[in-house]
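Trainee: Below is the file my_file_22.txt, with compact mmCIF, C-alpha atoms and all ligand atoms.
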# COMPACT_ATOMS: atom_id res chain seq x y z
CA MET A 1 25.27 0.91 -8.09
CA PRO A 2 24.69 -1.32 -5.05
CA VAL A 3 21.22 -0.83 -3.58
CA GLU A 4 21.35 -3.40 -0.77
CA GLY A 5 21.20 -1.85 2.68
CA LYS A 6 23.39 -2.96 5.54
CA LYS A 7 21.26 -3.23 8.66
CA ARG A 8 24.19 -2.62 11.01
CA ILE A 9 24.69 0.96 9.75
CA PHE A 10 21.33 2.23 11.01
CA LEU A 11 21.36 0.03 14.11
CA GLY A 12 24.91 1.13 15.00
CA LEU A 13 23.93 4.80 14.71
CA LEU A 14 20.80 4.22 16.77
CA ALA A 15 22.73 2.40 19.51
CA GLY A 16 25.38 5.17 19.43
CA PHE A 17 22.67 7.79 19.87
CA VAL A 18 21.25 5.96 22.90
CA LEU A 19 24.69 5.50 24.49
CA VAL A 20 25.84 9.09 23.94
CA GLY A 21 22.45 10.37 25.14
CA ALA A 22 22.63 8.19 28.26
CA GLY A 23 26.16 9.43 28.96
CA ALA A 24 25.11 13.07 28.63
CA LEU A 25 22.09 12.47 30.83
CA GLY A 26 24.23 10.74 33.47
CA LEU A 27 26.57 13.72 33.55
CA LEU A 28 23.66 16.12 33.85
CA PHE A 29 22.19 14.18 36.80
CA PHE A 30 25.63 13.99 38.39
CA PHE A 31 26.12 17.76 38.30
CA LEU A 32 22.56 18.45 39.40
CA LEU A 33 22.91 16.15 42.41
CA ARG A 34 26.41 17.30 43.26
CA GLY A 35 25.49 20.94 43.10
CA GLY A 36 22.43 20.26 45.22
CA ARG A 37 20.41 22.48 42.96
CA TRP A 38 17.03 20.98 43.66
CA GLU A 39 15.43 24.31 42.91
CA HIS A 40 16.22 23.99 39.22
CA TRP A 41 12.95 22.20 38.65
CA LEU A 42 12.86 23.05 34.94
CA VAL A 43 16.25 21.37 34.33
CA TRP A 44 15.14 18.36 36.37
CA GLY A 45 11.92 18.12 34.41
CA LEU A 46 13.73 18.27 31.08
CA ALA A 47 16.27 15.71 32.28
CA TRP A 48 13.52 13.26 33.27
CA LEU A 49 11.70 13.89 30.00
CA PHE A 50 14.83 13.22 27.95
CA GLY A 51 15.57 10.17 30.13
CA SER A 52 12.09 8.72 29.42
CA PHE A 53 12.56 9.39 25.71
CA LEU A 54 15.93 7.62 25.76
CA VAL A 55 14.42 4.62 27.56
CA LEU A 56 11.76 4.35 24.86
CA VAL A 57 14.34 4.63 22.08
CA GLY A 58 16.48 2.03 23.85
CA VAL A 59 13.52 -0.36 24.14
CA GLY A 60 12.70 0.28 20.47
CA THR A 61 16.29 -0.42 19.41
CA GLY A 62 16.28 -3.60 21.50
CA GLY A 63 12.94 -4.54 19.94
CA ILE A 64 14.36 -4.14 16.43
CA VAL A 65 17.41 -6.28 17.25
CA TYR A 66 15.20 -8.90 18.91
CA SER A 67 12.85 -9.02 15.91
CA LEU A 68 15.71 -9.37 13.44
CA LEU A 69 17.44 -12.10 15.44
CA ALA A 70 14.38 -14.07 16.59
CA GLN A 71 12.39 -13.47 13.39
CA LYS A 72 9.42 -12.49 15.51
CA ALA A 73 7.59 -9.20 15.68
CA PHE A 74 8.25 -7.27 18.90
CA ARG A 75 4.96 -7.00 20.82
CA TRP A 76 5.26 -3.33 21.70
CA GLU A 77 5.20 -1.55 18.34
CA MET A 78 5.26 2.05 19.55
CA PRO A 79 8.93 2.21 20.68
CA VAL A 80 10.02 0.35 17.53
CA HIS A 81 8.15 2.89 15.40
CA LEU A 82 9.73 5.71 17.42
CA ALA A 83 13.27 4.35 17.06
CA LEU A 84 12.93 3.44 13.40
CA ASP A 85 10.62 5.88 11.67
CA LEU A 86 10.45 8.97 13.85
CA LEU A 87 14.15 9.07 14.65
CA PHE A 88 15.30 8.42 11.09
CA PRO A 89 15.92 12.11 10.20
CA LEU A 90 18.01 12.58 13.34
CA VAL A 91 19.93 9.32 12.89
CA SER A 92 20.56 10.20 9.24
CA SER A 93 21.99 13.58 10.26
CA VAL A 94 24.21 11.95 12.90
CA GLY A 95 25.42 9.50 10.24
CA HIS A 96 26.23 12.40 7.93
CA LEU A 97 28.19 14.09 10.73
CA VAL A 98 30.35 11.00 11.26
CA GLY A 99 31.05 10.69 7.55
CA LEU A 100 28.43 8.18 6.39
CA GLY A 101 26.57 8.92 3.18
CA ARG A 102 22.90 9.75 3.54
CA GLU A 103 22.07 7.15 0.89
CA SER A 104 23.79 4.31 2.73
CA VAL A 105 21.96 5.20 5.98
CA ALA A 106 18.69 5.40 4.04
CA ARG A 107 19.26 2.00 2.39
CA SER A 108 20.02 0.52 5.81
CA PHE A 109 16.76 1.99 7.17
CA ILE A 110 14.76 0.61 4.19
CA GLU A 111 16.30 -2.86 4.62
CA ILE A 112 15.35 -2.94 8.33
CA HIS A 113 11.88 -1.56 7.57
CA ASN A 114 11.24 -4.34 5.01
CA ARG A 115 12.54 -7.07 7.33
CA LEU A 116 10.29 -5.93 10.16
CA LEU A 117 7.33 -5.56 7.81
CA ARG A 118 7.61 -9.22 6.81
CA LEU A 119 7.11 -10.16 10.46
CA ARG A 120 3.86 -8.24 10.91
CA ILE A 121 1.88 -8.89 7.71
CA GLY A 122 -0.76 -11.50 7.08
CA PRO A 123 -1.72 -12.87 3.64
CA ILE A 124 -3.04 -10.08 1.41
CA PRO A 125 -5.15 -10.69 -1.72
CA PRO A 126 -3.29 -9.59 -4.89
CA GLU A 127 -6.00 -7.14 -5.96
CA LYS A 128 -5.30 -5.24 -2.73
CA ILE A 129 -1.60 -4.93 -3.55
CA LEU A 130 -0.56 -1.76 -5.39
CA LEU A 131 2.70 -1.40 -7.30
CA LEU A 132 3.57 2.28 -6.97
CA MET A 133 6.27 3.32 -9.42
CA PRO A 134 7.99 6.64 -10.10
CA HIS A 135 7.18 8.35 -13.39
CA CYS A 136 10.92 8.55 -14.23
CA LEU A 137 10.80 4.81 -14.86
CA GLN A 138 9.07 5.54 -18.15
CA TRP A 139 11.39 6.04 -21.14
CA SER A 140 11.92 9.82 -21.31
CA GLU A 141 11.04 9.99 -25.05
CA CYS A 142 7.85 7.96 -24.77
CA PRO A 143 4.85 9.96 -26.09
CA HIS A 144 2.22 7.93 -24.21
CA ARG A 145 0.64 9.34 -21.11
CA ILE A 146 0.78 6.61 -18.51
CA THR A 147 0.48 8.63 -15.30
CA THR A 148 -3.30 8.79 -15.57
CA ASP A 149 -3.58 5.23 -16.83
CA PRO A 150 -0.59 2.84 -17.12
CA THR A 151 -2.51 0.73 -19.66
CA ASN A 152 -1.89 3.55 -22.17
CA CYS A 153 1.56 1.97 -22.49
CA ARG A 154 1.98 0.36 -25.94
CA ARG A 155 4.42 -2.18 -24.52
CA CYS A 156 7.19 -1.39 -26.95
CA GLY A 157 9.77 -2.62 -24.43
CA ARG A 158 11.89 0.56 -24.31
CA CYS A 159 11.31 0.74 -20.56
CA LEU A 160 10.14 -1.47 -17.70
CA VAL A 161 6.53 -0.27 -17.68
CA LYS A 162 5.79 -3.12 -20.11
CA ASN A 163 7.33 -5.66 -17.70
CA LEU A 164 5.48 -4.21 -14.72
CA LEU A 165 2.16 -4.48 -16.55
CA GLU A 166 3.00 -8.12 -17.28
CA ILE A 167 3.79 -8.71 -13.61
CA CYS A 168 0.41 -7.21 -12.69
CA GLU A 169 -1.32 -9.56 -15.12
CA GLU A 170 0.66 -12.52 -13.77
CA TYR A 171 -0.21 -11.88 -10.11
CA GLY A 172 -3.43 -9.84 -10.32
CA THR A 173 -1.97 -6.74 -8.68
CA THR A 174 -2.51 -3.14 -9.81
CA LEU A 175 -0.03 -0.56 -11.07
CA ALA A 176 0.15 3.20 -10.59
CA MET A 177 2.74 5.75 -11.70
CA ALA A 178 3.44 8.77 -9.49
CA THR A 179 5.09 12.00 -10.55
CA GLY A 180 6.15 12.88 -7.02
CA GLY A 181 5.82 12.15 -3.33
CA SER A 182 2.57 14.05 -2.79
CA ILE A 183 0.94 12.39 -5.83
CA ALA A 184 2.07 9.01 -4.48
CA ARG A 185 0.39 9.76 -1.14
CA GLN A 186 -2.75 10.91 -2.97
CA ILE A 187 -2.86 7.66 -4.99
CA ILE A 188 -2.60 5.63 -1.79
CA TRP A 189 -5.29 7.74 -0.18
CA GLU A 190 -7.68 7.29 -3.12
CA ARG A 191 -7.12 3.60 -3.84
CA ARG A 192 -6.78 2.46 -0.24
CA PRO A 193 -4.63 -0.63 -0.90
CA GLN A 194 -3.82 -3.04 1.91
CA ALA A 195 -0.20 -3.24 0.79
CA VAL A 196 2.10 -1.23 -1.46
CA VAL A 197 5.30 -2.14 -3.28
CA ALA A 198 6.92 1.28 -3.61
CA VAL A 199 9.90 2.04 -5.85
CA ALA A 200 11.73 5.35 -5.57
CA CYS A 201 15.09 6.94 -4.78
CA GLU A 202 16.33 6.74 -1.19
CA ARG A 203 15.08 10.20 -0.22
CA ASP A 204 11.51 9.79 -1.52
CA LEU A 205 11.30 6.24 -0.24
CA THR A 206 12.37 7.01 3.32
CA SER A 207 9.95 9.92 3.66
CA GLY A 208 7.16 7.85 2.09
CA LEU A 209 7.75 4.90 4.42
CA GLN A 210 7.63 7.19 7.47
CA ASP A 211 4.52 9.04 6.32
CA THR A 212 2.47 5.98 5.44
CA TYR A 213 3.02 4.01 8.68
CA PRO A 214 1.23 1.72 9.68
CA LEU A 215 0.26 0.83 6.09
CA ALA A 216 2.25 -2.16 4.80
CA VAL A 217 4.66 -0.54 2.33
CA TRP A 218 7.59 -2.52 0.94
CA GLY A 219 10.37 -0.21 -0.23
CA ILE A 220 12.65 -0.93 -3.17
CA VAL A 221 15.37 1.54 -4.15
CA ASN A 222 15.35 2.31 -7.87
CA LEU A 223 18.25 1.81 -10.29
CA ARG A 224 19.69 4.99 -11.84
CA PRO A 225 21.97 4.23 -14.77
CA GLU A 226 21.45 7.79 -16.13
CA GLY A 227 21.28 9.55 -12.76
CA TYR A 228 18.29 10.77 -10.77
CA CYS A 229 14.85 11.21 -12.36
CA ARG A 230 15.64 10.02 -15.89
CA ASN A 231 15.16 6.57 -17.40
CA THR A 232 15.42 4.86 -14.05
CA GLY A 233 14.88 1.16 -13.49
CA VAL A 234 14.08 -1.42 -10.85
CA ASP A 235 15.12 -4.96 -10.10
CA LEU A 236 12.01 -6.86 -11.25
CA ASP A 237 12.94 -9.92 -9.17
CA LYS A 238 12.68 -7.77 -6.06
CA VAL A 239 9.25 -6.56 -7.13
CA ARG A 240 8.07 -10.17 -7.61
CA GLU A 241 9.62 -11.15 -4.28
CA ALA A 242 7.76 -8.36 -2.45
CA ILE A 243 4.44 -9.36 -4.06
CA ARG A 244 4.97 -12.96 -2.99
CA TYR A 245 5.77 -11.91 0.60
CA PHE A 246 2.51 -9.97 0.75
CA MET A 247 0.46 -12.76 -0.81
CA GLN A 248 1.97 -15.41 1.47
CA GLY A 249 1.83 -13.23 4.57
CA GLY A 250 5.58 -12.76 5.15
S1 LIG B 301 7.15 0.32 -22.66
FE1 LIG B 301 5.32 1.62 -22.62
S2 LIG B 301 5.85 3.36 -21.34
FE2 LIG B 301 7.76 2.34 -21.92
S3 LIG B 301 8.47 3.46 -23.73
FE3 LIG B 301 7.25 1.70 -24.44
S4 LIG B 301 5.17 2.49 -24.68
FE4 LIG B 301 6.31 3.96 -23.43
Could you spell out this file's structure in structure tokens?

Mentor:
Amino acid sequence: MPVEGKKRIFLGLLAGFVLVGAGALGLLFFFLLRGGRWEHWLVWGLAWLFGSFLVLVGVGTGGIVYSLLAQKAFRWEMPVHLALDLLFPLVSSVGHLVGLGRESVARSFIEIHNRLLRLRIGPIPPEKILLLMPHCLQWSECPHRITTDPTNCRRCGRCLVKNLLEICEEYGTTLAMATGGSIARQIIWERRPQAVVAVACERDLTSGLQDTYPLAVWGIVNLRPEGYCRNTGVDLDKVREAIRYFMQGG
């Protein structure tokens, strides 16, 4: 299953949203002015409010495109955060309406999120980098309880927990296994890492990336040879790559 995201999917939807919104707003202003209904102050107020929102989203969308093309972080982070993180649920729904799969929109969002993250991080010491993995990565028949302590793994090699422990030893990072989104947030809250390499399915990853902003969280979509939530995997090269980005500062 391909897990690479195409940046143009999310950006195209975002630009479409701004254009359609601007068109609707233009029409609304046109009818308000033509009808001379200055007394409809509530409609005017809402129109100006929506117009300001659209301008911010437009600036944010432009900021994302600028950052991706110039490989420089856009100075004004707020509109970028608005266009990327806060509008994701809406953009995802619009994508679904026009026939795009929610997973492909989510992968596009994650790809853009990671690219922008690289532009705003400084070097981070490895002990401050947390590898946050889903519990379904553990072999489903394994009797060892690794959610409380991943070092309970006997390293039999039936699943990738062994490899992830080796990666942690190689780089000096730490590993945690989460049984769900709220546990993942709790782990982050308790350990207070400076950076997180998070692996999960598209749905959990997108909500986690939005919720944890502005923490530096690198998202990697898991591999699911047996479907959701059972014996899942991850591309270990991508995990190593993310750790190196954090350690080098982008
Ligand atoms: S590698 Fe570790 S977690 Fe995976 S099946 Fe073996 S003992 Fe269990």

Trainee: Between A:Val65, A:Ala70, A:Leu131, A:Ala195, which is the closest to Val234 (chain A) once you count all atoms listed in the file?

Mentor: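 Ranking A:Val65, A:Ala70, A:Leu131, A:Ala195 by distance to Val234 (chain A), first place goes to A:Leu131.
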
Trainee: May I ask you to write as a ChimeraX atom specification all residues lying at most 10 Å from ligand LIG 301 (chain B), with only C-alpha atoms and all ligand atoms counted?

Mentor: /A:135,137-147,150-165,231

Trainee: Please produce an output containing C-alpha atoms for each residue in the selection, written as a tab-separated table (two decimals), in the coordinates of the input.

Mentor:
chain	number	residue	atom	x	y	z
A	135	HIS	CA	7.18	8.35	-13.39
A	137	LEU	CA	10.80	4.81	-14.86
A	138	GLN	CA	9.07	5.54	-18.15
A	139	TRP	CA	11.39	6.04	-21.14
A	140	SER	CA	11.92	9.82	-21.31
A	141	GLU	CA	11.04	9.99	-25.05
A	142	CYS	CA	7.85	7.96	-24.77
A	143	PRO	CA	4.85	9.96	-26.09
A	144	HIS	CA	2.22	7.93	-24.21
A	145	ARG	CA	0.64	9.34	-21.11
A	146	ILE	CA	0.78	6.61	-18.51
A	147	THR	CA	0.48	8.63	-15.30
A	150	PRO	CA	-0.59	2.84	-17.12
A	151	THR	CA	-2.51	0.73	-19.66
A	152	ASN	CA	-1.89	3.55	-22.17
A	153	CYS	CA	1.56	1.97	-22.49
A	154	ARG	CA	1.98	0.36	-25.94
A	155	ARG	CA	4.42	-2.18	-24.52
A	156	CYS	CA	7.19	-1.39	-26.95
A	157	GLY	CA	9.77	-2.62	-24.43
A	158	ARG	CA	11.89	0.56	-24.31
A	159	CYS	CA	11.31	0.74	-20.56
A	160	LEU	CA	10.14	-1.47	-17.70
A	161	VAL	CA	6.53	-0.27	-17.68
A	162	LYS	CA	5.79	-3.12	-20.11
A	163	ASN	CA	7.33	-5.66	-17.70
A	164	LEU	CA	5.48	-4.21	-14.72
A	165	LEU	CA	2.16	-4.48	-16.55
A	231	ASN	CA	15.16	6.57	-17.40

Trainee: Let me make sure I understand: among A:Cys201, A:Leu82, A:Val91, A:Ile243, which one has the smallest atom-to-atom distance to Val105 (chain A) if we use all atoms listed in the file?

Mentor: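 Between A:Cys201, A:Leu82, A:Val91, A:Ile243, the residue approaching Val105 (chain A) most closely is A:Val91.
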
Trainee: Just how far from CA of Val57 (chain A) is CA of Leu33 (chain A), in Å to one decimal?

Mentor: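 About the pair CA of Leu33 (chain A) and CA of Val57 (chain A): they are 24.9 Å apart.
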
Trainee: Can you tell me how far CA of Ile220 (chain A) sits from CA of Ile110 (chain A), in Å to one decimal?

Mentor: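 Rounded to one decimal, the two atoms are 7.8 Å apart.
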
Trainee: Tell me which of A:Leu69, A:Leu28, A:Ala15, A:Leu119 sits closest to Tyr245 (chain A), counting all atoms listed in the file.

Mentor: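 Among A:Leu69, A:Leu28, A:Ala15, A:Leu119, it is A:Leu119 that comes nearest to Tyr245 (chain A).
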
Trainee: Just checking: using only C-alpha atoms, which residue out of A:Val221, A:Ala200, A:Cys168, A:Val98 ends up closest to Glu127 (chain A)?

Mentor: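 Closest candidate: A:Cys168.
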
Trainee: Show which residues sit within 12 Å of Ala24 (chain A), as a PyMOL selection string. Count only C-alpha atoms, and ignore same-chain residues fewer than 5 positions away.

Mentor: chain A and resi 17-19+29-31+47+50-51+54

Trainee: Can you measure CA of Arg203 (chain A) to CA of Arg118 (chain A) for me? One decimal in Å is fine.

Mentor: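 Computing the Euclidean distance for CA of Arg203 (chain A) and CA of Arg118 (chain A) yields 22.0 Å.
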
Trainee: Tell me, as a list in words, which residues lie within 12 Å of Arg244 (chain A), counting only C-alpha atoms; anything in the same chain fewer than 2 positions away does not count.

Mentor: Arg118, Ile121, Gly122, Pro123, Ile124, Pro125, Pro126, Ile129, Ile167, Glu170, Tyr171, Gly172, Thr173, Ala195, Val197, Trp218, Asp237, Lys238, Val239, Arg240, Glu241, Ala242, Phe246, Met247, Gln248, Gly249 and Gly250 of chain A

Trainee: From the list A:His40, A:Arg230, A:Arg34, A:Arg192, which residue is nearest Ala216 (chain A) when using only C-alpha atoms?

Mentor: A:Arg192
